[in-house]
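Enquirer: Got a file for you: run-v9.txt, compact mmCIF, C-alpha atoms.
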# COMPACT_ATOMS: atom_id res chain seq x y z
CA MET F 1 68.56 5.04 -6.87
CA ASP F 2 68.16 5.64 -3.16
CA LYS F 3 65.00 7.69 -3.77
CA ILE F 4 63.52 4.86 -5.83
CA LEU F 5 64.23 2.35 -3.04
CA ILE F 6 62.68 4.65 -0.43
CA LYS F 7 59.50 5.09 -2.51
CA PHE F 8 59.27 1.34 -3.12
CA PHE F 9 59.75 0.57 0.58
CA THR F 10 57.11 3.15 1.54
CA PHE F 11 54.65 1.71 -0.98
CA TRP F 12 55.31 -1.83 0.29
CA LEU F 13 54.63 -0.76 3.88
CA PHE F 14 51.36 0.90 2.76
CA VAL F 15 50.20 -2.22 0.89
CA ALA F 16 51.19 -4.50 3.73
CA GLY F 17 49.40 -2.31 6.23
CA THR F 18 46.25 -2.22 4.07
CA CYS F 19 46.20 -5.97 3.60
CA SER F 20 46.55 -6.66 7.31
CA ALA F 21 43.92 -4.12 8.45
CA VAL F 22 40.44 -4.93 9.81
CA ASN F 23 37.86 -4.24 7.09
CA ILE F 24 34.14 -3.72 7.76
CA THR F 25 32.48 -4.88 4.54
CA ASP F 26 28.82 -4.38 5.48
CA LEU F 27 26.92 -2.57 8.23
CA ARG F 28 23.36 -3.89 8.40
CA VAL F 29 21.34 -1.22 10.21
CA PRO F 30 17.77 -0.60 8.96
CA ALA F 31 16.71 3.00 8.44
CA THR F 32 13.47 2.35 10.37
CA HIS F 33 12.30 -0.24 12.86
CA VAL F 34 8.64 -0.42 13.87
CA VAL F 35 8.17 -1.72 17.40
CA ASN F 36 5.89 -4.76 17.13
CA GLY F 37 7.28 -7.20 19.69
CA ASP F 38 9.98 -8.62 17.42
CA PRO F 39 13.70 -8.28 18.25
CA LEU F 40 15.91 -5.89 16.31
CA MET F 41 19.21 -7.16 14.89
CA LEU F 42 22.08 -4.89 13.81
CA ASP F 43 24.94 -6.72 12.12
CA CYS F 44 28.53 -5.70 11.52
CA VAL F 45 30.18 -7.83 8.84
CA TYR F 46 33.99 -7.63 8.81
CA GLU F 47 37.05 -9.39 7.46
CA LEU F 48 40.27 -10.05 9.34
CA ALA F 49 43.83 -10.60 8.17
CA PRO F 50 45.52 -13.83 9.37
CA ASP F 51 47.82 -11.97 11.73
CA GLU F 52 45.12 -9.95 13.54
CA THR F 53 45.24 -10.49 17.32
CA LYS F 54 43.41 -9.28 20.44
CA LEU F 55 40.10 -8.55 18.69
CA VAL F 56 37.43 -6.36 20.34
CA VAL F 57 33.99 -5.61 18.83
CA LYS F 58 32.02 -2.62 20.12
CA TRP F 59 28.71 -0.97 19.32
CA LEU F 60 28.09 2.69 20.06
CA LEU F 61 24.79 4.56 20.15
CA ASN F 62 25.28 8.28 19.60
CA GLU F 63 28.95 7.79 20.51
CA GLN F 64 28.07 6.10 23.81
CA GLN F 65 29.21 2.50 24.14
CA VAL F 66 26.31 0.07 24.56
CA TYR F 67 27.87 -3.31 23.68
CA GLN F 68 31.23 -5.07 23.76
CA TRP F 69 32.47 -8.53 22.86
CA ILE F 70 35.91 -10.08 23.04
CA PRO F 71 36.23 -13.51 21.38
CA GLY F 72 36.54 -16.18 24.04
CA SER F 73 34.29 -14.35 26.50
CA ARG F 74 30.57 -13.59 26.70
CA PRO F 75 29.27 -10.30 25.30
CA TYR F 76 27.85 -7.72 27.65
CA SER F 77 25.66 -4.63 27.33
CA LEU F 78 25.94 -1.19 28.86
CA ASN F 79 23.85 1.93 29.50
CA VAL F 80 20.51 2.01 27.65
CA MET F 81 21.07 -1.55 26.31
CA ARG F 82 21.70 -3.12 29.70
CA ASN F 83 19.66 -6.32 30.09
CA ARG F 84 17.99 -5.70 26.71
CA ILE F 85 20.19 -7.74 24.34
CA ASP F 86 20.22 -11.39 23.31
CA GLU F 87 23.68 -12.53 24.41
CA LYS F 88 23.22 -16.06 23.01
CA HIS F 89 22.66 -15.06 19.39
CA GLU F 90 25.45 -16.10 17.01
CA ALA F 91 25.73 -14.29 13.69
CA SER F 92 28.51 -16.57 12.39
CA THR F 93 30.00 -19.99 13.01
CA GLU F 94 33.49 -18.49 12.90
CA PRO F 95 34.78 -18.05 16.47
CA GLU F 96 36.11 -14.53 15.81
CA LYS F 97 32.76 -13.37 14.33
CA ALA F 98 30.16 -15.23 16.40
CA HIS F 99 28.84 -12.34 18.49
CA ARG F 100 29.52 -9.46 16.13
CA ALA F 101 25.78 -8.58 15.88
CA LEU F 102 23.83 -6.47 18.32
CA VAL F 103 20.44 -8.12 18.92
CA ILE F 104 18.03 -5.94 20.90
CA ALA F 105 15.31 -8.11 22.41
CA LYS F 106 12.94 -5.26 23.29
CA PRO F 107 13.74 -2.05 21.40
CA THR F 108 12.27 1.17 22.80
CA TRP F 109 11.80 4.72 21.48
CA ASN F 110 14.99 6.03 23.13
CA MET F 111 17.14 3.65 21.09
CA SER F 112 16.90 5.82 17.97
CA GLY F 113 20.06 7.49 16.71
CA GLU F 114 23.43 6.86 15.11
CA TYR F 115 24.79 3.33 15.54
CA THR F 116 28.52 2.77 15.09
CA CYS F 117 30.31 -0.56 14.84
CA VAL F 118 33.94 -0.45 15.98
CA VAL F 119 36.28 -3.39 15.35
CA ASP F 120 39.69 -3.08 17.03
CA SER F 121 42.68 -5.35 16.98
CA PHE F 122 46.25 -4.97 18.21
CA GLN F 123 47.28 -4.24 14.62
CA SER F 124 44.45 -2.00 13.29
CA SER F 125 40.97 -0.52 13.77
CA ALA F 126 37.84 0.10 11.67
CA ARG F 127 34.49 1.77 12.26
CA LYS F 128 31.30 2.43 10.30
CA SER F 129 28.05 4.24 11.23
CA SER F 130 24.40 4.39 10.20
CA ILE F 131 21.21 6.12 11.41
CA LEU F 132 18.24 4.17 12.83
CA GLN F 133 14.79 5.56 13.63
CA ILE F 134 12.66 3.61 16.08
CA VAL F 135 8.93 3.98 15.40
CA VAL F 136 6.40 3.25 18.14
CA PRO F 137 2.92 2.91 16.56
CA PRO F 138 0.12 4.65 18.46
CA GLU F 139 -1.55 2.53 21.08
CA GLU F 140 -4.81 3.84 19.68
CA LEU F 141 -5.76 5.86 16.58
CA SER F 142 -9.39 7.00 16.51
CA ILE F 143 -11.64 9.29 14.49
CA ARG F 144 -15.07 10.49 15.48
CA GLU F 145 -17.63 13.02 14.31
CA LYS F 146 -19.42 15.47 16.57
CA LYS F 147 -22.13 17.94 15.57
CA GLU F 148 -20.90 21.22 16.97
CA ALA F 149 -23.54 23.84 16.10
CA GLU F 150 -26.51 24.70 13.97
CA THR F 151 -27.16 28.13 12.48
CA GLU F 152 -29.93 29.62 10.35
CA ASN F 153 -27.94 28.98 7.18
CA GLU F 154 -25.93 25.79 7.72
CA GLU F 155 -25.05 22.92 9.92
CA GLU F 156 -21.38 22.20 10.65
CA ALA F 157 -19.82 18.81 11.24
CA GLU F 158 -16.83 18.59 13.57
CA VAL F 159 -14.40 15.70 13.10
CA THR F 160 -11.72 14.82 15.67
CA CYS F 161 -8.78 12.46 15.14
CA GLU F 162 -6.57 11.36 18.04
CA ALA F 163 -3.40 9.27 18.34
CA ASP F 164 -2.09 8.13 21.73
CA ASP F 165 1.39 6.96 22.80
CA ALA F 166 3.30 7.23 19.51
CA TYR F 167 6.94 8.01 18.70
CA PRO F 168 8.41 10.09 17.18
CA GLU F 169 5.89 12.93 17.02
CA PRO F 170 3.37 11.93 14.32
CA GLN F 171 1.48 14.17 11.91
CA LEU F 172 -2.29 13.88 11.50
CA SER F 173 -4.35 15.05 8.53
CA LEU F 174 -8.09 14.92 7.76
CA GLN F 175 -9.13 14.30 4.15
CA PHE F 176 -12.56 13.92 2.51
CA ARG F 177 -12.69 11.37 -0.27
CA ASN F 178 -14.94 13.56 -2.44
CA GLY F 179 -12.34 16.30 -2.67
CA GLU F 180 -14.09 18.77 -0.35
CA THR F 181 -11.77 20.74 1.91
CA ILE F 182 -12.09 20.26 5.64
CA ARG F 183 -11.17 23.35 7.61
CA ARG F 184 -8.62 22.59 10.30
CA THR F 185 -9.52 24.51 13.43
CA TYR F 186 -6.86 23.42 15.91
CA GLY F 187 -4.48 20.64 16.92
CA ASN F 188 -2.78 19.56 20.10
CA VAL F 189 0.50 17.78 20.94
CA ARG F 190 1.45 16.47 24.38
CA ARG F 191 4.59 14.62 25.53
CA THR F 192 3.71 11.91 28.03
CA ASP F 193 5.66 10.81 31.09
CA LYS F 194 6.82 7.76 29.10
CA GLY F 195 8.41 9.99 26.45
CA LEU F 196 5.73 9.22 23.86
CA TYR F 197 3.35 11.62 22.08
CA ASP F 198 -0.40 12.19 22.25
CA VAL F 199 -1.60 14.12 19.19
CA SER F 200 -5.04 15.32 18.11
CA VAL F 201 -6.48 17.39 15.27
CA VAL F 202 -9.96 18.86 14.78
CA GLY F 203 -11.58 19.93 11.52
CA LYS F 204 -14.95 21.36 10.49
CA ILE F 205 -17.03 21.31 7.33
CA SER F 206 -20.51 22.50 6.39
CA ARG F 207 -22.87 19.59 5.83
CA MET F 208 -24.51 21.70 3.11
CA LYS F 209 -21.45 21.03 0.91
CA LEU F 210 -22.10 17.29 1.04
CA ASP F 211 -24.70 15.74 -1.28
CA THR F 212 -24.42 12.24 0.17
CA PRO F 213 -22.87 10.58 3.25
CA THR F 214 -19.15 11.12 2.69
CA PRO F 215 -16.18 9.14 4.08
CA VAL F 216 -13.49 11.19 5.81
CA ASP F 217 -10.04 9.72 6.55
CA CYS F 218 -7.62 10.49 9.34
CA ILE F 219 -4.09 9.74 8.11
CA LEU F 220 -1.15 9.39 10.50
CA THR F 221 2.40 9.68 9.16
CA ILE F 222 5.85 9.72 10.74
CA PRO F 223 8.13 12.35 9.13
CA GLY F 224 11.23 10.86 7.53
CA THR F 225 9.76 7.34 7.34
CA ASP F 226 7.33 5.34 5.20
CA PHE F 227 5.16 4.48 8.20
CA SER F 228 1.48 5.46 7.98
CA LEU F 229 -1.90 4.48 9.43
CA LYS F 230 -5.47 5.38 8.47
CA ARG F 231 -8.84 5.40 10.22
CA SER F 232 -12.13 6.45 8.64
CA THR F 233 -15.64 7.58 9.48
CA VAL F 234 -18.66 8.85 7.52
CA VAL F 235 -20.11 12.36 7.72
CA LEU F 236 -23.80 12.62 6.86
CA ALA F 237 -25.06 15.11 4.30
CA GLY F 238 -26.95 18.14 5.61
CA HIS F 239 -30.21 20.03 5.03
CA THR F 240 -31.61 23.45 5.93
CA THR F 241 -32.97 23.31 9.47
CA THR F 242 -35.11 26.51 9.44
CA THR F 243 -37.86 27.94 7.14
CA ALA F 244 -37.04 31.18 5.37
CA LYS F 245 -39.38 34.21 5.46
CA ASN F 246 -41.64 34.93 2.48
CA ALA F 247 -39.54 37.88 1.34
CA ASP F 248 -36.55 35.57 1.00
CA TYR F 249 -38.13 33.47 -1.75
CA GLY F 250 -38.31 36.16 -4.49
CA ASP F 251 -40.50 35.75 -7.58
CA ASP F 252 -40.71 31.97 -7.30
CA PHE F 253 -42.64 32.15 -4.05
CA ARG F 254 -46.35 31.31 -4.24
CA GLU F 255 -48.77 31.44 -1.28
CA GLU F 256 -50.69 28.27 -0.64
CA SER F 257 -54.59 28.51 -0.81
CA TYR F 258 -56.50 27.27 2.18
CA ASP F 259 -60.17 26.11 2.41
CA ASP F 260 -61.89 28.78 4.57
CA SER F 261 -65.50 27.53 3.99
CA SER F 262 -65.86 26.24 7.53
CA SER F 263 -64.91 29.61 8.94
CA TYR F 264 -67.42 31.38 6.63
CA ILE F 265 -70.30 29.14 7.69
CA SER F 266 -69.55 29.75 11.33
CA THR F 267 -69.72 33.53 10.75
CA ILE F 268 -73.16 33.30 9.01
CA SER F 269 -74.53 31.18 11.86
CA LEU F 270 -73.52 33.75 14.46
CA GLN F 271 -75.18 36.53 12.46
CA LEU F 272 -78.51 34.61 12.29
CA ILE F 273 -78.48 33.88 16.01
CA PHE F 274 -77.82 37.53 16.81
CA SER F 275 -80.69 38.68 14.53
CA ALA F 276 -83.18 36.24 16.13
CA PHE F 277 -82.20 37.38 19.61
CA ALA F 278 -82.66 41.04 18.65
CA PHE F 279 -86.15 40.29 17.17
CA ILE F 280 -87.29 38.54 20.39
CA CYS F 281 -86.15 41.47 22.52
CA ILE F 282 -88.08 43.98 20.36
CA CYS F 283 -91.27 41.90 20.52
CA SER F 284 -91.19 41.68 24.30
CA ILE F 285 -91.00 45.46 24.60
CA PHE F 286 -94.16 45.96 22.55
Take the structure I supplied and represent it as structure tokens, if you would.

Expert:
Amino acid sequence: MDKILIKFFTFWLFVAGTCSAVNITDLRVPATHVVNGDPLMLDCVYELAPDETKLVVKWLLNEQQVYQWIPGSRPYSLNVMRNRIDEKHEASTEPEKAHRALVIAKPTWNMSGEYTCVVDSFQSSARKSSILQIVVPPEELSIREKKEAETENEEEAEVTCEADDAYPEPQLSLQFRNGETIRRTYGNVRRTDKGLYDVSVVGKISRMKLDTPTPVDCILTIPGTDFSLKRSTVVLAGHTTTTAKNADYGDDFREESYDDSSSYISTISLQLIFSAFAFICICSIF
């Protein structure tokens, strides 16, 4: 009988403790946020038991505290979020939930990472985390074509695509719309002083493989996200720039016939003049 009472009492304490605990029901953190001038809101939806007291709401970024709010006082930001949050935003009309959300007025690339909402009370505590990737679109994405060299057999087109001031490190690819393969020759990645990335890629293709002017696309993607951009240009079709020697034509080669009559007449005239001159010289001797 005593064992039954002990088990019942233990179960009752467990149920009572569960019912009175803070419970985070929803953590609203997007997987990706593209920086476009709009604020970024992260929300932490929680439920409280009637007897919860001394509530504190915190936000952590990569386990470093960046935000704190205690009902009855104004929220404040720390570390990378200092002076970057909207302290007036209210996510709820309930006094104990008003400033639960973290609203970042001007998100930057270094705010990517794991966000954790922590809700503490004198009676209990709860926490939940999610990963956010900040995407900074390139300040400029450009594609241009440059004729690199001409040889006796073919003419090559060189296409360069460049992206400036992007985050995280983007990937660039060059693709012809007619299915022809563009040969990638080299690429370059540079980290700027602002922590962003400058990326370029260069590809070549023989114009002789193109029958008509052909669009070529430069496609920018961010690994792990759905973000992409595209810029396009047109590469002109090529033609042979030199004349092959006769021996190169084979059996299909035929020499063109030229009208040499004028040259023949000139030769006859010279012969007549020379004969008349010789006759005059002979006559003068005799």

Enquirer: Under the rule that only C-alpha atoms are counted, which of F:Ile143, F:Leu61, F:Val159, F:Val216 is the nearest residue to Phe176 of chain F?

Expert: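 Nearest to Phe176 of chain F: F:Val216.
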
Enquirer: So what do you get for atom CA of Leu60 of chain F versus atom CA of Cys117 of chain F, distance-wise?

Expert: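 Atom CA of Leu60 of chain F sits 6.5 Å away from atom CA of Cys117 of chain F.
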
Enquirer: Determine the nearest neighbour of Pro223 of chain F from the options F:Pro138, F:Pro170, F:Gly113, F:Gly195, counting all atoms listed in the file.

Expert: F:Pro170

Enquirer: Neighbouring residues of Trp59 of chain F were defined as those with any atom within 8 Å, considering only C-alpha atoms; residues of the same chain fewer than 4 positions away were excluded. Please report them as a PyMOL selection string.

Expert: chain F and resi 65-68+102+115-118

Enquirer: So that I can check the surroundings of Tyr46 of chain F, please list as a ChimeraX atom specification every protein, DNA and RNA residue that reaches within 9 Å of it, counting only C-alpha atoms and ignoring chain neighbours fewer than 2 positions away.

Expert: /F:22-27,44,48,97,100,119

Enquirer: Which value, in Å to one decimal, gives the distance between atom CA of Cys218 of chain F and atom CA of Val136 of chain F?

Expert: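 Between atom CA of Cys218 of chain F and atom CA of Val136 of chain F the gap is 18.1 Å.
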
Enquirer: Which residues come within 12 Å of Asp226 of chain F, counting only C-alpha atoms, excluding same-chain residues fewer than 6 positions away, as a list in words?

Expert: Ala31, Thr32, His33, Val34, Gln133, Val135, Pro170 and Leu220 of chain F

Enquirer: If I take atom CA of Ser124 of chain F and atom CA of Gln64 of chain F, how far is one from the other in Å, to one decimal?

Expert: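 According to the coordinates, atom CA of Ser124 of chain F and atom CA of Gln64 of chain F are separated by 21.1 Å.
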